[in-house]
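Everything below belongs to query-v2.cif, which stores mmCIF, C-alpha atoms (C1' of nucleotides).
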```cif
data_input
#
loop_
_atom_site.label_atom_id
_atom_site.label_comp_id
_atom_site.auth_asym_id
_atom_site.auth_seq_id
_atom_site.Cartn_x
_atom_site.Cartn_y
_atom_site.Cartn_z
CA MET A 11 -4.50 -2.15 9.79
CA ARG A 12 -0.76 -2.29 10.14
CA ILE A 13 0.89 -2.27 6.77
CA SER A 14 3.92 -0.20 5.86
CA GLU A 15 2.20 3.04 6.54
CA LYS A 16 4.87 4.72 8.60
CA PRO A 17 6.45 6.61 5.71
CA LEU A 18 3.08 8.00 4.68
CA LYS A 19 2.40 9.28 8.17
CA GLU A 20 5.84 10.78 8.41
CA LYS A 21 5.27 12.65 5.22
CA GLY A 22 2.00 13.90 6.56
CA ILE A 23 -0.21 12.48 3.87
CA ARG A 24 -3.47 10.86 4.75
CA VAL A 25 -3.17 7.10 5.20
CA THR A 26 -5.73 4.89 3.48
CA PRO A 27 -5.59 1.15 2.81
CA GLN A 28 -5.31 1.88 -0.90
CA ARG A 29 -2.34 4.18 -0.56
CA ALA A 30 -0.67 1.94 1.98
CA HIS A 31 -0.94 -1.08 -0.32
CA VAL A 32 0.31 0.74 -3.36
CA TRP A 33 3.22 1.97 -1.35
CA ARG A 34 3.96 -1.41 0.13
CA LEU A 35 3.86 -3.09 -3.25
CA LEU A 36 6.43 -0.70 -4.67
CA ALA A 37 8.61 -0.60 -1.58
CA GLU A 38 8.71 -4.36 -1.14
CA SER A 39 9.21 -5.25 -4.77
CA GLY A 40 12.03 -2.76 -5.15
CA THR A 41 11.28 -2.43 -8.82
CA HIS A 42 9.17 -0.41 -11.25
CA MET A 43 5.59 -1.07 -12.31
CA SER A 44 2.99 0.53 -14.51
CA ALA A 45 -0.25 1.80 -13.00
CA GLN A 46 -1.98 -1.20 -14.59
CA GLU A 47 0.31 -3.70 -12.95
CA ILE A 48 -0.05 -1.99 -9.62
CA TRP A 49 -3.79 -2.06 -10.05
CA GLU A 50 -3.93 -5.76 -10.87
CA ARG A 51 -1.75 -6.69 -7.97
CA THR A 52 -3.51 -4.41 -5.53
CA ARG A 53 -6.89 -5.82 -6.48
CA GLU A 54 -5.84 -9.18 -5.14
CA VAL A 55 -5.85 -7.64 -1.71
CA LEU A 56 -8.38 -4.87 -2.14
CA PRO A 57 -10.99 -6.21 -4.54
CA GLY A 58 -12.75 -2.89 -4.99
CA MET A 59 -9.60 -1.09 -6.06
CA GLU A 60 -10.03 1.19 -9.06
CA LEU A 61 -7.42 2.14 -11.60
CA SER A 62 -8.20 5.79 -11.10
CA THR A 63 -7.53 5.34 -7.40
CA VAL A 64 -4.15 3.88 -8.25
CA TYR A 65 -3.35 6.98 -10.26
CA ARG A 66 -4.52 9.25 -7.47
CA ALA A 67 -2.57 7.31 -4.86
CA LEU A 68 0.54 7.43 -7.01
CA GLU A 69 0.18 11.15 -7.45
CA ALA A 70 -0.08 11.64 -3.70
CA LEU A 71 2.95 9.43 -3.10
CA ARG A 72 4.87 11.23 -5.78
CA GLU A 73 4.11 14.62 -4.32
CA ALA A 74 5.27 13.29 -0.96
CA ASN A 75 8.50 12.26 -2.66
CA LEU A 76 7.97 8.62 -1.81
CA VAL A 77 7.52 7.53 -5.39
CA VAL A 78 9.18 8.38 -8.67
CA GLU A 79 7.41 8.37 -12.00
CA SER A 80 9.39 7.70 -15.17
CA HIS A 81 8.27 8.27 -18.72
CA LEU A 82 10.00 5.97 -21.14
CA PRO A 83 10.11 6.24 -24.91
CA GLU A 84 7.18 3.86 -25.17
CA GLY A 85 4.33 2.51 -23.14
CA PRO A 86 2.83 3.72 -19.90
CA ALA A 87 4.71 5.53 -17.15
CA LEU A 88 6.58 3.41 -14.63
CA PHE A 89 6.49 4.00 -10.91
CA GLU A 90 8.88 2.93 -8.21
CA ALA A 91 9.69 3.66 -4.60
CA HIS A 92 11.97 6.65 -4.44
CA VAL A 93 15.68 5.98 -4.34
CA SER A 94 18.61 8.01 -5.57
CA PRO A 95 18.27 8.99 -9.22
CA HIS A 96 19.34 6.17 -11.47
CA PRO A 97 19.19 5.52 -15.19
CA HIS A 98 16.55 3.47 -16.93
CA LEU A 99 17.76 1.39 -19.81
CA VAL A 100 15.15 0.21 -22.25
CA CYS A 101 16.12 -2.58 -24.60
CA GLU A 102 14.85 -1.98 -28.11
CA ARG A 103 14.67 -5.65 -28.84
CA CYS A 104 13.24 -7.41 -25.80
CA GLY A 105 11.57 -4.36 -24.26
CA GLU A 106 12.95 -5.08 -20.83
CA VAL A 107 13.71 -2.10 -18.59
CA PHE A 108 16.90 -2.22 -16.55
CA HIS A 109 17.73 0.14 -13.74
CA PRO A 110 21.27 -0.10 -12.57
CA GLU A 111 22.47 2.11 -9.76
CA ALA A 112 24.43 4.97 -11.22
CA SER A 113 27.57 6.11 -9.50
CA PRO A 114 26.73 9.17 -7.42
CA GLU A 115 29.60 11.08 -9.00
CA ILE A 116 28.03 10.85 -12.43
CA ILE A 117 24.70 12.04 -11.15
CA ARG A 118 26.31 14.81 -9.18
CA GLY A 119 28.21 15.90 -12.25
CA LEU A 120 25.00 16.07 -14.17
CA LEU A 121 23.22 18.03 -11.48
CA ALA A 122 26.13 20.42 -11.21
CA ALA A 123 26.09 20.96 -14.95
CA LEU A 124 22.40 21.72 -14.88
CA ALA A 125 22.79 24.07 -11.95
CA VAL A 126 25.17 26.19 -14.00
CA GLY A 127 22.19 27.40 -15.97
CA GLY A 128 20.54 28.56 -12.76
CA PHE A 129 18.05 25.73 -12.67
CA GLU A 130 17.02 24.12 -9.39
CA VAL A 131 16.51 20.43 -10.10
CA HIS A 132 13.86 18.55 -8.16
CA GLU A 133 13.73 15.39 -10.22
CA LEU A 134 16.25 13.91 -12.58
CA HIS A 135 15.49 11.28 -15.17
CA VAL A 136 18.05 9.49 -17.27
CA VAL A 137 16.59 7.18 -19.88
CA ALA A 138 18.52 5.28 -22.50
CA ARG A 139 17.34 3.19 -25.42
CA GLY A 140 19.57 0.56 -26.88
CA LEU A 141 20.42 -3.10 -26.66
CA CYS A 142 20.84 -5.04 -23.47
CA PRO A 143 23.72 -7.47 -23.05
CA GLY A 144 21.55 -10.47 -23.80
CA CYS A 145 20.10 -9.10 -27.01
CA LEU A 146 23.50 -7.72 -28.05
CA GLY A 147 24.80 -11.26 -28.15
CA ASP A 148 21.96 -12.39 -30.38
CA GLU A 149 22.46 -9.62 -32.90
CA GLY A 150 25.72 -10.77 -34.48
CA GLY A 151 27.07 -7.96 -36.63
CA LYS A 152 25.31 -4.73 -35.55
CA ARG A 153 27.26 -1.81 -34.18
CA GLY A 154 27.12 1.91 -33.45
CA GLY A 155 26.21 4.02 -30.47
CA VAL A 156 25.32 7.59 -29.62
CA ARG A 157 27.54 10.14 -31.29
CA VAL A 158 28.57 12.90 -28.93
CA GLU A 159 29.52 16.36 -30.08
CA GLY A 160 33.25 16.86 -30.08
CA GLU A 161 34.08 13.20 -30.47
CA ARG A 162 36.66 12.03 -32.96
CA GLY A 163 35.26 10.53 -36.13
CA MET B 6 9.86 20.84 -55.20
CA ARG B 7 13.09 22.01 -53.64
CA ILE B 8 12.77 22.22 -49.89
CA SER B 9 15.34 20.93 -47.41
CA GLU B 10 15.06 17.42 -48.63
CA LYS B 11 18.74 16.59 -48.96
CA PRO B 12 19.08 14.95 -45.54
CA LEU B 13 16.12 12.72 -46.23
CA LYS B 14 17.59 11.57 -49.52
CA GLU B 15 20.94 10.97 -47.93
CA LYS B 16 19.34 8.80 -45.31
CA GLY B 17 17.59 6.89 -48.03
CA ILE B 18 14.06 7.54 -46.86
CA ARG B 19 11.37 8.37 -49.33
CA VAL B 20 10.91 12.09 -49.81
CA THR B 21 7.42 13.52 -49.74
CA PRO B 22 6.31 17.12 -49.30
CA GLN B 23 4.88 16.22 -45.91
CA ARG B 24 8.10 14.77 -44.60
CA ALA B 25 10.19 17.50 -46.10
CA HIS B 26 8.11 20.19 -44.48
CA VAL B 27 8.07 18.51 -41.09
CA TRP B 28 11.80 18.17 -41.31
CA ARG B 29 12.32 21.73 -42.45
CA LEU B 30 10.18 23.09 -39.68
CA LEU B 31 12.21 21.31 -37.03
CA ALA B 32 15.58 21.94 -38.61
CA GLU B 33 14.97 25.64 -39.19
CA SER B 34 13.37 26.36 -35.85
CA GLY B 35 16.15 24.62 -33.97
CA THR B 36 13.78 23.88 -31.14
CA HIS B 37 11.31 21.25 -29.97
CA MET B 38 7.65 20.97 -30.86
CA SER B 39 4.77 18.64 -30.14
CA ALA B 40 3.11 16.75 -32.97
CA GLN B 41 0.16 19.13 -32.64
CA GLU B 42 2.28 22.19 -33.06
CA ILE B 43 4.03 20.69 -36.04
CA TRP B 44 0.68 19.82 -37.51
CA GLU B 45 -0.74 23.31 -37.09
CA ARG B 46 2.30 24.94 -38.61
CA THR B 47 2.57 22.47 -41.44
CA ARG B 48 -1.06 22.94 -42.38
CA GLU B 49 -0.34 26.55 -43.25
CA VAL B 50 1.74 25.28 -46.12
CA LEU B 51 0.07 21.93 -46.82
CA PRO B 52 -3.63 22.47 -46.08
CA GLY B 53 -4.52 18.80 -46.36
CA MET B 54 -1.98 17.75 -43.77
CA GLU B 55 -3.25 15.22 -41.24
CA LEU B 56 -2.10 14.77 -37.69
CA SER B 57 -1.62 11.07 -38.30
CA THR B 58 0.66 11.92 -41.19
CA VAL B 59 2.70 14.10 -38.87
CA TYR B 60 3.13 11.16 -36.53
CA ARG B 61 4.08 8.86 -39.36
CA ALA B 62 6.53 11.38 -40.80
CA LEU B 63 8.09 11.87 -37.40
CA GLU B 64 8.47 8.16 -36.96
CA ALA B 65 10.24 7.86 -40.30
CA LEU B 66 12.53 10.76 -39.47
CA ARG B 67 13.23 9.31 -36.07
CA GLU B 68 14.16 5.95 -37.52
CA ALA B 69 16.46 7.74 -39.93
CA ASN B 70 18.05 9.41 -36.93
CA LEU B 71 17.16 12.86 -38.17
CA VAL B 72 14.75 13.57 -35.36
CA VAL B 73 14.73 12.91 -31.64
CA GLU B 74 11.61 12.29 -29.63
CA SER B 75 11.51 13.20 -25.95
CA HIS B 76 8.97 12.12 -23.40
CA LEU B 77 8.67 14.61 -20.60
CA PRO B 78 6.96 14.14 -17.25
CA GLU B 79 3.81 15.71 -18.63
CA GLY B 80 2.10 16.45 -21.88
CA PRO B 81 2.74 15.15 -25.35
CA ALA B 82 6.10 14.04 -26.69
CA LEU B 83 8.38 16.71 -28.08
CA PHE B 84 10.31 16.36 -31.30
CA GLU B 85 13.39 18.17 -32.52
CA ALA B 86 16.03 17.90 -35.20
CA HIS B 87 18.73 15.57 -34.02
CA VAL B 88 21.74 17.11 -32.32
CA SER B 89 24.07 15.76 -29.70
CA PRO B 90 22.22 14.50 -26.62
CA HIS B 91 21.32 17.33 -24.33
CA PRO B 92 19.19 17.67 -21.22
CA HIS B 93 15.62 18.89 -21.16
CA LEU B 94 14.71 21.02 -18.19
CA VAL B 95 11.03 21.35 -17.43
CA CYS B 96 9.98 24.13 -15.11
CA GLU B 97 7.34 22.99 -12.65
CA ARG B 98 5.95 26.46 -12.35
CA CYS B 99 5.81 28.01 -15.80
CA GLY B 100 5.93 24.77 -17.75
CA GLU B 101 8.60 26.02 -20.09
CA VAL B 102 11.06 23.49 -21.46
CA PHE B 103 14.70 24.51 -21.67
CA HIS B 104 17.35 22.63 -23.56
CA PRO B 105 20.85 23.77 -22.88
CA GLU B 106 23.75 22.13 -24.57
CA ALA B 107 25.37 19.72 -22.15
CA SER B 108 29.10 19.53 -21.97
CA PRO B 109 30.21 16.51 -24.00
CA GLU B 110 32.28 15.25 -21.08
CA ILE B 111 29.25 14.85 -18.90
CA ILE B 112 27.37 12.97 -21.57
CA ARG B 113 30.37 10.81 -22.32
CA GLY B 114 30.72 10.02 -18.66
CA LEU B 115 27.14 8.95 -18.54
CA LEU B 116 27.48 6.78 -21.62
CA ALA B 117 30.62 5.21 -20.26
CA ALA B 118 28.87 4.43 -17.01
CA LEU B 119 26.00 2.79 -18.83
CA ALA B 120 28.35 0.80 -21.03
CA VAL B 121 29.85 -0.77 -17.92
CA GLY B 122 26.69 -2.78 -17.58
CA GLY B 123 27.17 -4.11 -21.10
CA PHE B 124 24.44 -2.01 -22.60
CA GLU B 125 24.81 -0.49 -26.07
CA VAL B 126 23.13 2.91 -25.97
CA HIS B 127 21.42 4.21 -29.09
CA GLU B 128 19.51 7.10 -27.58
CA LEU B 129 20.08 9.00 -24.39
CA HIS B 130 17.52 11.20 -22.69
CA VAL B 131 18.18 13.41 -19.73
CA VAL B 132 15.11 15.10 -18.34
CA ALA B 133 14.96 17.25 -15.24
CA ARG B 134 12.02 18.78 -13.42
CA GLY B 135 12.51 21.76 -11.23
CA LEU B 136 12.42 25.53 -11.23
CA CYS B 137 13.87 27.74 -13.92
CA PRO B 138 15.90 30.82 -13.00
CA GLY B 139 12.97 33.14 -13.63
CA CYS B 140 10.52 31.24 -11.47
CA LEU B 141 13.16 30.68 -8.80
CA GLY B 142 13.34 34.42 -8.34
CA ASP B 143 9.58 34.68 -7.86
CA GLU B 144 9.45 31.95 -5.25
CA GLY B 145 11.15 33.74 -2.38
CA GLY B 146 11.89 31.24 0.34
CA LYS B 147 11.77 27.74 -1.23
CA ARG B 148 14.75 25.45 -1.27
CA GLY B 149 15.87 21.85 -1.73
CA GLY B 150 17.11 19.77 -4.60
CA VAL B 151 17.69 16.18 -5.57
CA ARG B 152 19.33 14.14 -2.88
CA VAL B 153 22.04 11.87 -4.21
CA GLU B 154 23.11 8.69 -2.47
CA GLY B 155 26.33 9.19 -0.60
CA GLU B 156 25.92 12.91 -0.09
CA ARG B 157 26.54 14.52 3.26
CA GLY B 158 23.44 15.47 5.19
"C1'" DC C 2 -17.49 16.75 12.36
"C1'" DT C 3 -14.83 18.43 8.76
"C1'" DT C 4 -11.78 17.37 5.25
"C1'" DC C 5 -10.28 14.61 1.90
"C1'" DA C 6 -9.98 9.94 -0.60
"C1'" DT C 7 -12.56 6.54 -3.05
"C1'" DG C 8 -15.73 4.21 -6.39
"C1'" DC C 9 -17.93 4.53 -10.46
"C1'" DA C 10 -18.67 6.25 -14.92
"C1'" DA C 11 -17.55 9.15 -18.37
"C1'" DA C 12 -14.43 12.25 -20.70
"C1'" DT C 13 -9.83 13.91 -22.34
"C1'" DT C 14 -5.58 13.58 -24.27
"C1'" DT C 15 -2.19 11.45 -27.02
"C1'" DT C 16 -1.05 8.20 -30.35
"C1'" DT C 17 -1.96 4.31 -33.53
"C1'" DT C 18 -4.22 1.70 -37.18
"C1'" DG C 19 -7.08 -0.01 -41.47
"C1'" DC C 20 -8.01 0.71 -45.85
"C1'" DA C 21 -8.62 2.86 -50.48
"C1'" DT C 22 -6.20 6.09 -53.20
"C1'" DA C 23 -2.41 8.98 -54.54
"C1'" DT C 24 2.49 9.68 -54.89
"C1'" DC C 25 7.38 8.60 -55.22
"C1'" DT C 26 11.41 6.19 -57.28
"C1'" DA D 11 5.13 -0.68 -62.49
"C1'" DG D 12 5.87 -1.52 -57.86
"C1'" DA D 13 6.45 -0.05 -53.30
"C1'" DT D 14 5.09 2.90 -49.95
"C1'" DA D 15 3.07 7.33 -47.98
"C1'" DT D 16 -1.12 9.87 -47.34
"C1'" DG D 17 -6.00 11.15 -46.10
"C1'" DC D 18 -9.76 10.00 -43.66
"C1'" DA D 19 -12.18 7.87 -40.12
"C1'" DA D 20 -12.17 5.16 -36.36
"C1'" DA D 21 -9.94 2.83 -32.52
"C1'" DA D 22 -6.71 2.13 -28.90
"C1'" DA D 23 -3.94 3.39 -24.99
"C1'" DA D 24 -3.06 6.14 -21.02
"C1'" DT D 25 -4.57 9.26 -17.88
"C1'" DT D 26 -7.81 12.59 -15.80
"C1'" DT D 27 -12.12 14.34 -13.92
"C1'" DG D 28 -17.03 15.05 -11.69
"C1'" DC D 29 -19.78 13.83 -8.32
"C1'" DA D 30 -22.07 11.37 -4.49
"C1'" DT D 31 -20.65 8.65 -0.69
"C1'" DG D 32 -17.57 6.87 2.78
"C1'" DA D 33 -13.53 6.89 5.61
"C1'" DA D 34 -9.64 9.36 8.12
"C1'" DG D 35 -7.73 12.70 11.41
#
```

Encoded form (C-alpha cells):
Amino acid sequence: MRISEKPLKEKGIRVTPQRAHVWRLLAESGTHMSAQEIWERTREVLPGMELSTVYRALEALREANLVVESHLPEGPALFEAHVSPHPHLVCERCGEVFHPEASPEIIRGLLAALAVGGFEVHELHVVARGLCPGCLGDEGGKRGGVRVEGERG
Amino acid sequence: MRISEKPLKEKGIRVTPQRAHVWRLLAESGTHMSAQEIWERTREVLPGMELSTVYRALEALREANLVVESHLPEGPALFEAHVSPHPHLVCERCGEVFHPEASPEIIRGLLAALAVGGFEVHELHVVARGLCPGCLGDEGGKRGGVRVEGERG
DNA sequence: CTTCATGCAAATTTTTTGCATATCT
DNA sequence: AGATATGCAAAAAATTTGCATGAAG
C-alpha cells in the first residue's frame, strides 16, 4: 500500500495500514478529532478497525511527535497532526473548538518564562474557555473576562 | 458551624458543611488536588462524605469562580482555589505537577492575542509537559524542546 | 524468523446521574 | 415551606490491558 506513510518510516516507527490511515486522516484534514471520530472514519476504509487500535496508533504517533493530544475542559481528548503549539479555544455555548495559529512570539515568551524555573518543555498546551465571536453576538448584555493579577480594577 | 464559609456566602451559593470543607481544604492548602484526594481528606472530618458530593461541590465552587479545574495530559482533573491564571508543569519522569506563578505580562499577552480573534476568554489554562529541574539533572545527555514556527534551525 | 501491532473482550479509571431523604435559607 | 444539596447505588464515558494470532522489518 502507498498511503502517506513516509513520515512514519522517517520516524522509525513500524508502518501498518491502521497507523498509516490514522495518520493520513489527521494530516489531510488538518484539524482535531476525538479517538471515536477517528475510529468511525477509519472503519470506512478498514472495516475491522478497533477503537483500542486507534488509541494504540495514536499513542505511537504521539511518541513519534507526529501527533498532538489535547485535553480540554470537557469531553474526550482531541488529536491532531503536529504543528507548532497553538491555543485551543472552547466555546462554552456552542461547544465548538477553535484553533487559531498563535503568534510565535507569544509562544516563545511563554516557553521562555517556563524555562526560567529550570523546566525543559516538551509539549505546550494552551486551552481557553469562553465565548466565540458568533455566540458573543447572540448573548446581548453579558460581559467580563479573566482577571489577571496586577491589573487595574 | 463557622468554617471558611464567607466566600461561599458572598458568591451567593448555598453553604453546606461539605462545600465549606472542600473549599477550606483547597484554600488552606494553596495547592491542587484530585477529587479523590479531596474526598479522602474530607472524609476525615465528614465521615459520610461521598465522592459524588465532592464532584458536585467542586462544580458549584467552579461555577462560582472560587475553584479552577485543570485537565492535565494524564490522570484525573486537578482542582485548586482560584488565583490568577498560571501554568501547570507536568514532569514526564516523576509525574509531579508544578505551578509557578506566571508573570502577568505573559498572561496578558496571551489573552490579548486570543482576543484578536474575537473570542471572550473566561478561563485560561496553560499546561506543559516536560522535565522538571530535578529529573533533568538525572537524565544526563537528553536534549530538545518545543519547536516553534519561525524559529531558526 | 523475530519482534511488535492488531483484534477481541474485558477491565479500569474518572465522572455523572436518578431518586428518596435531609438540610439550608 | 420551598428550593436545593446529599447519600447511596448504579450507570456512563473514556481509556487501558491481556492474550492469542497475524503482519512487518

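The part of chain B that reaches within 12 Å of chain C is made up of Lys14, Gly17, Ile18, Arg19, Val20, Thr21, Pro22, Gln23, Ser39, Ala40, Gln41, Leu56, Ser57, Thr58, Val59, Tyr60, Arg61, Glu64, His76, Glu79, Gly80, Pro81, Ala82 and Leu83 of chain B, counting all atoms listed in the file.
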
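For the atom pair formed by CA of Ala122 in chain A and CA of Ile111 in chain B, the distance is 10.0 Å, given to one decimal.
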
Check every residue of chain B for an atom within 6 Å of chain A, counting all atoms listed in the file, and provide those that qualify as a tab-separated table (two decimals) with C-alpha atoms, in the frame of the given file.
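Below you can see out-v2.tsv, which holds the result:
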```tsv
chain	number	residue	atom	x	y	z
B	89	SER	CA	24.07	15.76	-29.70
B	123	GLY	CA	27.17	-4.11	-21.10
B	124	PHE	CA	24.44	-2.01	-22.60
B	125	GLU	CA	24.81	-0.49	-26.07
B	126	VAL	CA	23.13	2.91	-25.97
B	127	HIS	CA	21.42	4.21	-29.09
B	128	GLU	CA	19.51	7.10	-27.58
B	129	LEU	CA	20.08	9.00	-24.39
B	130	HIS	CA	17.52	11.20	-22.69
B	131	VAL	CA	18.18	13.41	-19.73
B	132	VAL	CA	15.11	15.10	-18.34
B	133	ALA	CA	14.96	17.25	-15.24
B	134	ARG	CA	12.02	18.78	-13.42
B	135	GLY	CA	12.51	21.76	-11.23
B	136	LEU	CA	12.42	25.53	-11.23
B	137	CYS	CA	13.87	27.74	-13.92
B	138	PRO	CA	15.90	30.82	-13.00
B	150	GLY	CA	17.11	19.77	-4.60
B	151	VAL	CA	17.69	16.18	-5.57
B	153	VAL	CA	22.04	11.87	-4.21
B	154	GLU	CA	23.11	8.69	-2.47
```

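Distances to chain B were evaluated for D:DA23, D:DA34, D:DG28, D:DA13 using all atoms listed in the file, and the minimum falls at D:DA13.
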
Residues of chain D at most 12 Å from chain A: nearest atom pair and distance in Å, all atoms listed in the file, as JSON lines:
```
{"residue": "D:DA23", "atom": "C1'", "partner": "A:Pro86", "partner_atom": "CA", "distance": 8.5}
{"residue": "D:DA24", "atom": "C1'", "partner": "A:Pro86", "partner_atom": "CA", "distance": 6.5}
{"residue": "D:DT25", "atom": "C1'", "partner": "A:Tyr65", "partner_atom": "CA", "distance": 8.0}
{"residue": "D:DT26", "atom": "C1'", "partner": "A:Ser62", "partner_atom": "CA", "distance": 8.3}
{"residue": "D:DT27", "atom": "C1'", "partner": "A:Ser62", "partner_atom": "CA", "distance": 9.8}
{"residue": "D:DA33", "atom": "C1'", "partner": "A:Thr26", "partner_atom": "CA", "distance": 8.3}
{"residue": "D:DA34", "atom": "C1'", "partner": "A:Arg24", "partner_atom": "CA", "distance": 7.2}
{"residue": "D:DG35", "atom": "C1'", "partner": "A:Arg24", "partner_atom": "CA", "distance": 8.1}
```

Chain and number of each residue from the PyMOL selection byres ((chain A and resi 13-18) around 12), as a ChimeraX atom specification: /A:11-12,19-38,67-68,70-77,91-92

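Put simply, CA of Val107 in chain A is 16.2 Å away from CA of Val121 in chain B.
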
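The residues returned by the PyMOL selection byres ((chain D and resi 16-20) around 7) on the shown structure are Glu55 and Thr58 of chain B; DA15 and DA21 of chain D.
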
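Atom pair CA of Arg46 in chain B / CA of Phe84 in chain B: separated by 13.8 Å.
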